[in-house]
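Q: To be precise about what I am sending: the file is called final20.txt and holds compact mmCIF, C-alpha atoms and all ligand atoms.
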# COMPACT_ATOMS: atom_id res chain seq x y z
CA MET A 1 0.00 0.00 0.00
CA LEU A 2 1.13 3.56 -0.54
CA ASP A 3 2.35 5.61 2.35
CA ALA A 4 -0.55 7.63 3.80
CA ARG A 5 1.28 10.93 3.16
CA LEU A 6 0.98 10.25 -0.56
CA HIS A 7 -2.78 10.13 -0.47
CA VAL A 8 -3.35 13.65 -1.72
CA VAL A 9 -7.08 14.05 -2.19
CA GLU A 10 -7.85 16.42 -5.05
CA ALA A 11 -11.38 17.62 -5.70
CA PRO A 12 -12.15 16.74 -9.36
CA ALA A 13 -13.88 19.95 -10.29
CA SER A 14 -14.69 22.96 -8.13
CA PRO A 15 -18.40 23.63 -7.66
CA PRO A 16 -19.59 27.12 -8.66
CA ALA A 17 -18.50 29.59 -5.98
CA THR A 18 -20.62 32.61 -7.00
CA THR A 19 -23.47 33.35 -9.38
CA GLU A 20 -20.76 34.55 -11.80
CA ASP A 21 -19.66 30.89 -12.04
CA VAL A 22 -23.12 29.41 -12.69
CA ARG A 23 -23.09 27.58 -16.01
CA PRO A 24 -24.44 29.80 -18.80
CA SER A 25 -27.18 28.59 -21.11
CA ARG A 26 -26.45 27.11 -24.54
CA GLN A 27 -27.82 30.33 -26.11
CA GLU A 28 -25.40 32.44 -24.06
CA ALA A 29 -22.49 30.18 -25.08
CA GLU A 30 -23.45 30.48 -28.76
CA ALA A 31 -23.69 34.28 -28.41
CA ALA A 32 -20.15 34.29 -26.99
CA VAL A 33 -18.92 32.42 -30.08
CA ARG A 34 -20.63 34.99 -32.33
CA THR A 35 -18.79 37.71 -30.40
CA LEU A 36 -15.45 35.95 -30.97
CA ILE A 37 -16.17 35.56 -34.68
CA ARG A 38 -16.80 39.32 -34.89
CA TRP A 39 -13.62 39.92 -32.83
CA ALA A 40 -11.69 37.78 -35.33
CA GLY A 41 -12.93 40.11 -38.07
CA ASP A 42 -15.63 38.04 -39.76
CA SER A 43 -19.41 38.08 -39.86
CA PRO A 44 -21.47 35.48 -37.97
CA ALA A 45 -24.26 36.17 -40.48
CA ARG A 46 -22.16 34.89 -43.39
CA GLU A 47 -23.61 31.62 -44.72
CA GLY A 48 -20.58 29.48 -43.90
CA LEU A 49 -20.52 30.75 -40.32
CA ARG A 50 -24.23 30.71 -39.57
CA ASP A 51 -24.20 27.29 -37.87
CA THR A 52 -20.73 27.67 -36.43
CA PRO A 53 -21.72 28.89 -32.93
CA ALA A 54 -23.94 25.81 -32.42
CA ARG A 55 -21.17 23.54 -33.76
CA VAL A 56 -18.57 25.12 -31.52
CA VAL A 57 -20.74 24.66 -28.44
CA ARG A 58 -21.30 21.00 -29.35
CA ALA A 59 -17.56 20.60 -29.84
CA TYR A 60 -16.96 22.19 -26.42
CA GLU A 61 -19.24 19.55 -24.90
CA GLU A 62 -16.79 16.94 -26.20
CA TRP A 63 -13.53 18.78 -25.53
CA PHE A 64 -14.62 19.69 -21.97
CA GLY A 65 -16.63 16.54 -21.25
CA GLY A 66 -14.28 15.80 -18.35
CA TYR A 67 -16.14 18.23 -16.10
CA THR A 68 -19.18 15.94 -16.11
CA LEU A 69 -17.15 12.86 -15.12
CA ASP A 70 -16.01 11.75 -11.68
CA PRO A 71 -12.60 10.21 -12.47
CA ALA A 72 -12.63 8.12 -9.29
CA ASP A 73 -15.83 6.41 -10.48
CA LEU A 74 -14.01 5.17 -13.57
CA LEU A 75 -11.79 3.01 -11.35
CA GLY A 76 -14.68 1.51 -9.41
CA ARG A 77 -14.56 -1.98 -10.91
CA THR A 78 -11.46 -3.94 -9.94
CA PHE A 79 -10.24 -7.53 -10.26
CA ALA A 80 -8.10 -9.87 -8.18
CA ARG A 81 -4.49 -9.73 -9.34
CA ASP A 82 -4.29 -13.54 -9.29
CA GLY A 83 -0.66 -13.85 -8.23
CA TYR A 84 0.72 -11.15 -10.56
CA ASP A 85 2.79 -8.69 -8.55
CA ASP A 86 4.94 -6.72 -10.99
CA ILE A 87 4.57 -3.49 -12.97
CA VAL A 88 1.45 -2.85 -15.06
CA LEU A 89 2.23 -0.16 -17.64
CA LEU A 90 -0.06 1.31 -20.29
CA ARG A 91 2.01 3.28 -22.80
CA ASP A 92 1.16 5.94 -25.38
CA ILE A 93 -2.31 6.88 -24.16
CA PRO A 94 -3.36 9.84 -26.34
CA VAL A 95 -3.59 13.14 -24.48
CA ARG A 96 -5.97 15.70 -25.98
CA SER A 97 -6.25 18.63 -23.64
CA VAL A 98 -6.61 22.41 -23.63
CA CYS A 99 -4.19 24.78 -21.96
CA GLU A 100 -5.84 26.96 -19.38
CA HIS A 101 -3.75 30.01 -20.25
CA HIS A 102 -4.63 30.34 -23.94
CA MET A 103 -7.32 27.68 -24.46
CA ALA A 104 -5.01 26.19 -27.09
CA ALA A 105 -4.56 22.49 -27.77
CA ILE A 106 -2.20 20.29 -25.79
CA ARG A 107 -1.38 17.11 -27.74
CA GLY A 108 0.75 14.22 -26.63
CA VAL A 109 0.87 10.88 -24.89
CA ALA A 110 0.68 9.63 -21.33
CA HIS A 111 2.31 6.54 -19.88
CA VAL A 112 0.52 5.28 -16.76
CA ALA A 113 1.94 2.53 -14.55
CA TYR A 114 1.17 1.00 -11.21
CA LEU A 115 2.46 -1.74 -8.97
CA PRO A 116 -0.60 -3.70 -7.86
CA GLY A 117 -1.68 -3.91 -4.25
CA GLU A 118 -4.56 -6.30 -3.69
CA ARG A 119 -6.48 -5.43 -6.85
CA VAL A 120 -5.92 -4.57 -10.50
CA VAL A 121 -8.10 -2.40 -12.72
CA GLY A 122 -9.24 -2.93 -16.33
CA ILE A 123 -6.56 -1.30 -18.48
CA SER A 124 -9.06 0.71 -20.53
CA LYS A 125 -9.89 2.54 -17.31
CA LEU A 126 -6.37 3.99 -17.21
CA ALA A 127 -6.98 5.57 -20.62
CA ARG A 128 -10.41 6.77 -19.45
CA LEU A 129 -8.80 8.31 -16.36
CA VAL A 130 -6.32 10.25 -18.52
CA ASP A 131 -9.13 11.43 -20.77
CA ALA A 132 -11.38 12.52 -17.88
CA TYR A 133 -8.73 14.91 -16.59
CA ALA A 134 -7.47 15.90 -20.04
CA ARG A 135 -10.91 17.08 -21.17
CA ARG A 136 -10.69 20.10 -18.89
CA LEU A 137 -8.75 23.35 -18.89
CA GLN A 138 -5.34 22.23 -17.74
CA ILE A 139 -1.70 22.83 -17.19
CA GLN A 140 0.37 19.76 -17.87
CA GLU A 141 1.75 19.62 -14.33
CA ARG A 142 -1.70 19.43 -12.73
CA LEU A 143 -2.96 16.95 -15.33
CA THR A 144 -0.04 14.66 -14.45
CA ALA A 145 -0.58 15.01 -10.70
CA GLU A 146 -4.35 14.49 -10.85
CA ILE A 147 -4.03 11.25 -12.82
CA ALA A 148 -1.38 9.87 -10.45
CA ASP A 149 -3.11 10.92 -7.23
CA THR A 150 -6.50 9.53 -8.26
CA LEU A 151 -4.99 6.18 -9.22
CA ALA A 152 -3.11 6.08 -5.90
CA ASN A 153 -6.13 7.04 -3.81
CA VAL A 154 -8.72 4.83 -5.42
CA LEU A 155 -6.79 1.66 -6.32
CA GLN A 156 -4.38 1.76 -3.38
CA PRO A 157 -1.50 0.18 -5.33
CA ARG A 158 2.06 -0.10 -4.01
CA GLY A 159 3.30 2.44 -6.52
CA VAL A 160 2.10 4.77 -9.28
CA ALA A 161 4.02 6.42 -12.13
CA VAL A 162 2.62 8.86 -14.67
CA VAL A 163 4.66 10.48 -17.45
CA ILE A 164 3.21 12.89 -20.00
CA GLN A 165 5.01 14.09 -23.11
CA ALA A 166 3.11 16.78 -24.97
CA SER A 167 3.38 19.79 -27.21
CA HIS A 168 1.49 22.98 -26.52
CA GLU A 169 -0.05 24.77 -29.45
CA CYS A 170 0.25 28.05 -27.58
CA MET A 171 4.01 27.67 -28.07
CA THR A 172 4.00 26.15 -31.55
CA SER A 173 1.47 28.26 -33.44
CA ARG A 174 1.73 31.62 -31.64
CA GLY A 175 3.78 33.46 -29.03
CA VAL A 176 7.34 32.21 -28.94
CA GLY A 177 6.59 30.07 -32.04
CA THR A 178 8.72 26.99 -31.40
CA PRO A 179 7.34 23.96 -33.27
CA GLY A 180 8.77 20.61 -32.26
CA VAL A 181 9.23 21.54 -28.61
CA GLY A 182 7.88 18.93 -26.20
CA MET A 183 7.18 19.18 -22.47
CA VAL A 184 7.75 16.20 -20.18
CA THR A 185 6.17 15.90 -16.74
CA ARG A 186 6.11 12.97 -14.36
CA ARG A 187 4.92 11.86 -10.96
CA LEU A 188 6.30 8.81 -9.16
CA LEU A 189 4.60 7.64 -5.96
CA GLY A 190 5.07 4.87 -3.40
CA GLN A 191 7.55 2.12 -4.27
CA PHE A 192 8.33 3.77 -7.62
CA GLU A 193 10.10 6.46 -5.61
CA GLN A 194 12.54 3.90 -4.23
CA GLU A 195 14.97 1.34 -5.64
CA PRO A 196 14.69 -1.18 -7.21
CA TYR A 197 11.32 -0.17 -8.69
CA ARG A 198 12.41 3.40 -9.43
CA ARG A 199 15.14 2.13 -11.76
CA ASP A 200 12.79 -0.45 -13.28
CA ILE A 201 9.98 1.98 -14.02
CA LEU A 202 12.27 4.67 -15.41
CA ALA A 203 13.82 2.07 -17.74
CA ALA A 204 10.37 0.80 -18.79
CA LEU A 205 9.14 4.32 -19.44
CA SER A 206 12.11 5.27 -21.59
CA ALA A 207 12.10 2.00 -23.57
N1 LIG B 301 4.00 25.44 -16.68
C1 LIG B 301 3.15 25.43 -17.71
N2 LIG B 301 3.07 26.50 -18.51
C2 LIG B 301 2.23 26.44 -19.56
C3 LIG B 301 1.44 25.34 -19.84
N3 LIG B 301 0.71 25.60 -20.95
C4 LIG B 301 1.07 26.85 -21.33
N4 LIG B 301 1.99 27.37 -20.48
C5 LIG B 301 2.68 28.66 -20.45
O1 LIG B 301 1.88 29.58 -19.75
C6 LIG B 301 2.54 30.84 -19.87
C7 LIG B 301 1.57 31.97 -19.77
O2 LIG B 301 2.39 33.09 -19.75
P1 LIG B 301 1.90 34.60 -19.91
O3 LIG B 301 3.11 35.49 -19.93
O4 LIG B 301 0.84 34.90 -18.88
O5 LIG B 301 1.15 34.55 -21.32
P2 LIG B 301 1.66 35.06 -22.75
O6 LIG B 301 1.93 36.54 -22.70
O7 LIG B 301 0.66 34.62 -23.76
O8 LIG B 301 3.04 34.29 -22.91
P3 LIG B 301 3.76 33.69 -24.20
O9 LIG B 301 3.15 32.33 -24.45
O10 LIG B 301 5.20 33.61 -23.80
O11 LIG B 301 3.51 34.64 -25.35
C8 LIG B 301 3.34 30.75 -21.14
O12 LIG B 301 4.71 30.78 -20.81
C9 LIG B 301 2.97 29.37 -21.72
O13 LIG B 301 4.03 28.77 -22.45
C10 LIG B 301 1.54 24.23 -18.97
O14 LIG B 301 0.86 23.20 -19.12
N5 LIG B 301 2.39 24.32 -17.92
ZN ZN B 302 -1.12 27.96 -23.47
Would you write out, as structure tokens, the structure that this file holds?
A:
Amino acid sequence: MLDARLHVVEAPASPPATTEDVRPSRQEAEAAVRTLIRWAGDSPAREGLRDTPARVVRAYEEWFGGYTLDPADLLGRTFARDGYDDIVLLRDIPVRSVCEHHMAAIRGVAHVAYLPGERVVGISKLARLVDAYARRLQIQERLTAEIADTLANVLQPRGVAVVIQASHECMTSRGVGTPGVGMVTRRLLGQFEQEPYRRDILAALSA
């Protein structure tokens, strides 16, 4: 089991604090898109753009669908590990997120590993966990930490490792303008912080 000090409990999504934060209606969201189209210099009345606000709002429902999910719930169904007691690693899970500073795309991959305690989880749930946190406004550091902490808290494994490699469109297509630059973040918990598993997991992750 992980050391109790590692059990950082993170609230998945903050509830609205003031009326300012109450979710706007679909009509209000579409009006905001029309405003942005005008700000960009085009006309929302133009034929090709007439349905765009509704499309954008539907797309936002997909891109930000993580706010309607409880990531811990995704790990609810577990299985006996049946004598297996070594690393479980799911590599190259697609990361499609949105940076909270510019609302620009973050694209990359996550590698998620754990060292089973009593139970194992269906491997698709690791990809679902990544997606549930990715489909929110994020910075890569918090995305990495939230995935690792939730896996540690809910599954109670002996160790957790999460590595994310991603590129940020706010750096590649604007601002400093540096295509090809990747950001790497990682969180190692429990026995992955110590030898011999630290060496093993770092080797597995870089393979
Ligand atoms: N640490 C971290 N920074 C990020 C992430 N995504 C974007 N950023 C950075 O967030 C910073 C925001 O900086 P600001 O100076 O407030 O914004 P800006 O004027 O648009 O900055 P530039 O991008 O440098 O043009 C930028 O340096 C981005 O590169 C992330 O996931 N983690
Ligand atoms: Zn950004």
Q: Within 6 Å of ligand LIG 301 (chain B) (counting only C-alpha atoms and all ligand atoms), which residues show up? I'd like them as a ChimeraX atom specification.
A: /A:99,101,139-141,171,175-176
Q: Measure the distance from atom CA of A:Tyr197 to atom CA of A:Val181 in Å and round it to one decimal.
A: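 Going from atom CA of A:Tyr197 over to atom CA of A:Val181, I get 29.5 Å.
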Q: At a cut-off of 12 Å from (4.9, -7.6, -11.6) in the coordinates of the file, what residues are picked up using only C-alpha atoms, written as a PDB file with C-alpha atoms, keeping the file's coordinate frame?
A:
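part08.pdb was written with the following content:
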ATOM      1  CA  ARG A  81      -4.490  -9.730  -9.340  1.00  0.00           C
ATOM      2  CA  ASP A  82      -4.290 -13.540  -9.290  1.00  0.00           C
ATOM      3  CA  GLY A  83      -0.660 -13.850  -8.230  1.00  0.00           C
ATOM      4  CA  TYR A  84       0.720 -11.150 -10.560  1.00  0.00           C
ATOM      5  CA  ASP A  85       2.790  -8.690  -8.550  1.00  0.00           C
ATOM      6  CA  ASP A  86       4.940  -6.720 -10.990  1.00  0.00           C
ATOM      7  CA  ILE A  87       4.570  -3.490 -12.970  1.00  0.00           C
ATOM      8  CA  VAL A  88       1.450  -2.850 -15.060  1.00  0.00           C
ATOM      9  CA  LEU A  89       2.230  -0.160 -17.640  1.00  0.00           C
ATOM     10  CA  ALA A 113       1.940   2.530 -14.550  1.00  0.00           C
ATOM     11  CA  TYR A 114       1.170   1.000 -11.210  1.00  0.00           C
ATOM     12  CA  LEU A 115       2.460  -1.740  -8.970  1.00  0.00           C
ATOM     13  CA  PRO A 116      -0.600  -3.700  -7.860  1.00  0.00           C
ATOM     14  CA  GLY A 117      -1.680  -3.910  -4.250  1.00  0.00           C
ATOM     15  CA  VAL A 120      -5.920  -4.570 -10.500  1.00  0.00           C
ATOM     16  CA  PRO A 157      -1.500   0.180  -5.330  1.00  0.00           C
ATOM     17  CA  ARG A 158       2.060  -0.100  -4.010  1.00  0.00           C
ATOM     18  CA  GLY A 159       3.300   2.440  -6.520  1.00  0.00           C
ATOM     19  CA  TYR A 197      11.320  -0.170  -8.690  1.00  0.00           C
ATOM     20  CA  ASP A 200      12.790  -0.450 -13.280  1.00  0.00           C
ATOM     21  CA  ILE A 201       9.980   1.980 -14.020  1.00  0.00           C
TER      22      ILE A 201
END
Q: Atom CA of A:Ile106 and atom CA of A:Leu151 are how many Å apart?
A: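 Between these atoms lies a distance of 21.9 Å.
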Q: As a PDB file with C-alpha atoms, keeping the file's coordinate frame, please: every protein or nucleic acid residue near ligand ZN 302 (chain B) (cut-off 7 Å, counting all atoms listed in the file).
A:
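The resulting result.pdb:
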ATOM      1  CA  CYS A  99      -4.190  24.780 -21.960  1.00  0.00           C
ATOM      2  CA  GLU A 100      -5.840  26.960 -19.380  1.00  0.00           C
ATOM      3  CA  HIS A 101      -3.750  30.010 -20.250  1.00  0.00           C
ATOM      4  CA  HIS A 102      -4.630  30.340 -23.940  1.00  0.00           C
ATOM      5  CA  MET A 103      -7.320  27.680 -24.460  1.00  0.00           C
ATOM      6  CA  ALA A 104      -5.010  26.190 -27.090  1.00  0.00           C
ATOM      7  CA  HIS A 168       1.490  22.980 -26.520  1.00  0.00           C
ATOM      8  CA  GLU A 169      -0.050  24.770 -29.450  1.00  0.00           C
ATOM      9  CA  CYS A 170       0.250  28.050 -27.580  1.00  0.00           C
ATOM     10  CA  MET A 171       4.010  27.670 -28.070  1.00  0.00           C
TER      11      MET A 171
END
Q: Using all atoms listed in the file, can you tell me which of A:Pro44, A:Pro179, A:Pro24, A:Gly122 comes closest to A:Phe79?
A: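 For A:Phe79, the nearest of the given residues is A:Gly122.
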Q: Could you check the closest approach to A:Tyr133 for each of A:Ala59, A:Ala166, A:Ala207, A:Ile147 and tell me which residue wins, using all atoms listed in the file?
A: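 Among A:Ala59, A:Ala166, A:Ala207, A:Ile147, it is A:Ile147 that comes nearest to A:Tyr133.
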Q: Would you compute the box with edges along x, y and z of the file around stretch 198-204 of chain A, including every atom the file lists for it and 4 Å extra on each side, and give its centre and edge lengths in Å to one decimal, as JSON?
A:
{"center_x": 12.6, "center_y": 2.1, "center_z": -14.1, "size_x": 13.2, "size_y": 13.1, "size_z": 17.4}
Q: Please determine, counting only C-alpha atoms, which residue among A:Glu61, A:Asp51, A:Asp73, A:Asp92 has the shortest atom-to-atom distance to A:Leu129.
A: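 Of A:Glu61, A:Asp51, A:Asp73, A:Asp92, the one nearest A:Leu129, counting only C-alpha atoms, is A:Asp73.
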Q: Within 10 Å of A:Arg198, counting all atoms listed in the file, which residues qualify if same-chain residues fewer than 4 places away don't, as a list in words?
A: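 Counting only the stated atoms, we get Gly159, Ala161, Leu188, Leu189, Gly190, Gln191, Phe192, Glu193, Gln194, Leu202, Ala203 and Ala204 of chain A.
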Q: Distance atom CA of A:Val98-atom CA of A:Arg136, one decimal place?
A: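 A separation of 6.7 Å between them.
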Q: Using all atoms listed in the file, which of the listed residues (A:Ala54, A:Trp39, A:Val162, A:Gln138) sits closest to A:Ile93?
A: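 Nearest candidate to A:Ile93 out of A:Ala54, A:Trp39, A:Val162, A:Gln138: A:Val162.
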Q: For stretch 89-116 of chain A, supply N, CA and C atoms and report the output as an mmCIF file, in the frame of the given file.
A:
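Result written to rebuild_25.cif:
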data_model
loop_
_atom_site.group_PDB
_atom_site.id
_atom_site.type_symbol
_atom_site.label_atom_id
_atom_site.label_comp_id
_atom_site.auth_asym_id
_atom_site.auth_seq_id
_atom_site.Cartn_x
_atom_site.Cartn_y
_atom_site.Cartn_z
ATOM 1 N N LEU A 89 1.923 -1.440 -16.977
ATOM 2 C CA LEU A 89 2.230 -0.160 -17.640
ATOM 3 C C LEU A 89 1.407 -0.039 -18.923
ATOM 4 N N LEU A 90 0.653 1.018 -19.043
ATOM 5 C CA LEU A 90 -0.060 1.310 -20.290
ATOM 6 C C LEU A 90 0.640 2.502 -20.939
ATOM 7 N N ARG A 91 1.203 2.255 -22.121
ATOM 8 C CA ARG A 91 2.010 3.280 -22.800
ATOM 9 C C ARG A 91 1.208 3.987 -23.887
ATOM 10 N N ASP A 92 1.647 5.205 -24.207
ATOM 11 C CA ASP A 92 1.160 5.940 -25.380
ATOM 12 C C ASP A 92 -0.350 6.174 -25.391
ATOM 13 N N ILE A 93 -0.891 6.491 -24.233
ATOM 14 C CA ILE A 93 -2.310 6.880 -24.160
ATOM 15 C C ILE A 93 -2.419 8.288 -24.741
ATOM 16 N N PRO A 94 -3.270 8.493 -25.757
ATOM 17 C CA PRO A 94 -3.360 9.840 -26.340
ATOM 18 C C PRO A 94 -3.828 10.873 -25.311
ATOM 19 N N VAL A 95 -3.174 12.013 -25.329
ATOM 20 C CA VAL A 95 -3.590 13.140 -24.480
ATOM 21 C C VAL A 95 -4.102 14.246 -25.397
ATOM 22 N N ARG A 96 -5.378 14.581 -25.236
ATOM 23 C CA ARG A 96 -5.970 15.700 -25.980
ATOM 24 C C ARG A 96 -6.547 16.644 -24.938
ATOM 25 N N SER A 97 -5.802 17.712 -24.675
ATOM 26 C CA SER A 97 -6.250 18.630 -23.640
ATOM 27 C C SER A 97 -6.191 20.056 -24.149
ATOM 28 N N VAL A 98 -6.529 20.988 -23.263
ATOM 29 C CA VAL A 98 -6.610 22.410 -23.630
ATOM 30 C C VAL A 98 -5.904 23.212 -22.550
ATOM 31 N N CYS A 99 -4.959 24.028 -22.967
ATOM 32 C CA CYS A 99 -4.190 24.780 -21.960
ATOM 33 C C CYS A 99 -5.052 25.882 -21.373
ATOM 34 N N GLU A 100 -4.944 26.024 -20.057
ATOM 35 C CA GLU A 100 -5.840 26.960 -19.380
ATOM 36 C C GLU A 100 -5.405 28.404 -19.542
ATOM 37 N N HIS A 101 -4.203 28.626 -20.076
ATOM 38 C CA HIS A 101 -3.750 30.010 -20.250
ATOM 39 C C HIS A 101 -4.252 30.613 -21.561
ATOM 40 N N HIS A 102 -4.268 29.806 -22.628
ATOM 41 C CA HIS A 102 -4.630 30.340 -23.940
ATOM 42 C C HIS A 102 -5.824 29.603 -24.561
ATOM 43 N N MET A 103 -6.297 28.559 -23.902
ATOM 44 C CA MET A 103 -7.320 27.680 -24.460
ATOM 45 C C MET A 103 -6.858 27.126 -25.810
ATOM 46 N N ALA A 104 -5.580 26.800 -25.890
ATOM 47 C CA ALA A 104 -5.010 26.190 -27.090
ATOM 48 C C ALA A 104 -4.787 24.709 -26.829
ATOM 49 N N ALA A 105 -4.658 23.945 -27.905
ATOM 50 C CA ALA A 105 -4.560 22.490 -27.770
ATOM 51 C C ALA A 105 -3.257 22.057 -27.120
ATOM 52 N N ILE A 106 -3.363 21.035 -26.295
ATOM 53 C CA ILE A 106 -2.200 20.290 -25.790
ATOM 54 C C ILE A 106 -2.344 18.895 -26.381
ATOM 55 N N ARG A 107 -1.308 18.427 -27.095
ATOM 56 C CA ARG A 107 -1.380 17.110 -27.740
ATOM 57 C C ARG A 107 -0.161 16.294 -27.369
ATOM 58 N N GLY A 108 -0.390 15.050 -26.971
ATOM 59 C CA GLY A 108 0.750 14.220 -26.630
ATOM 60 C C GLY A 108 0.331 12.836 -26.204
ATOM 61 N N VAL A 109 1.174 12.213 -25.388
ATOM 62 C CA VAL A 109 0.870 10.880 -24.890
ATOM 63 C C VAL A 109 1.173 10.821 -23.399
ATOM 64 N N ALA A 110 0.432 9.912 -22.744
ATOM 65 C CA ALA A 110 0.680 9.630 -21.330
ATOM 66 C C ALA A 110 1.067 8.172 -21.182
ATOM 67 N N HIS A 111 1.991 7.900 -20.283
ATOM 68 C CA HIS A 111 2.310 6.540 -19.880
ATOM 69 C C HIS A 111 1.888 6.419 -18.413
ATOM 70 N N VAL A 112 1.050 5.433 -18.124
ATOM 71 C CA VAL A 112 0.520 5.280 -16.760
ATOM 72 C C VAL A 112 0.873 3.889 -16.261
ATOM 73 N N ALA A 113 1.522 3.828 -15.112
ATOM 74 C CA ALA A 113 1.940 2.530 -14.550
ATOM 75 C C ALA A 113 1.560 2.448 -13.080
ATOM 76 N N TYR A 114 1.325 1.202 -12.647
ATOM 77 C CA TYR A 114 1.170 1.000 -11.210
ATOM 78 C C TYR A 114 1.698 -0.360 -10.827
ATOM 79 N N LEU A 115 1.975 -0.481 -9.547
ATOM 80 C CA LEU A 115 2.460 -1.740 -8.970
ATOM 81 C C LEU A 115 1.305 -2.236 -8.114
ATOM 82 N N PRO A 116 0.652 -3.326 -8.517
ATOM 83 C CA PRO A 116 -0.600 -3.700 -7.860
ATOM 84 C C PRO A 116 -0.471 -3.921 -6.361
#
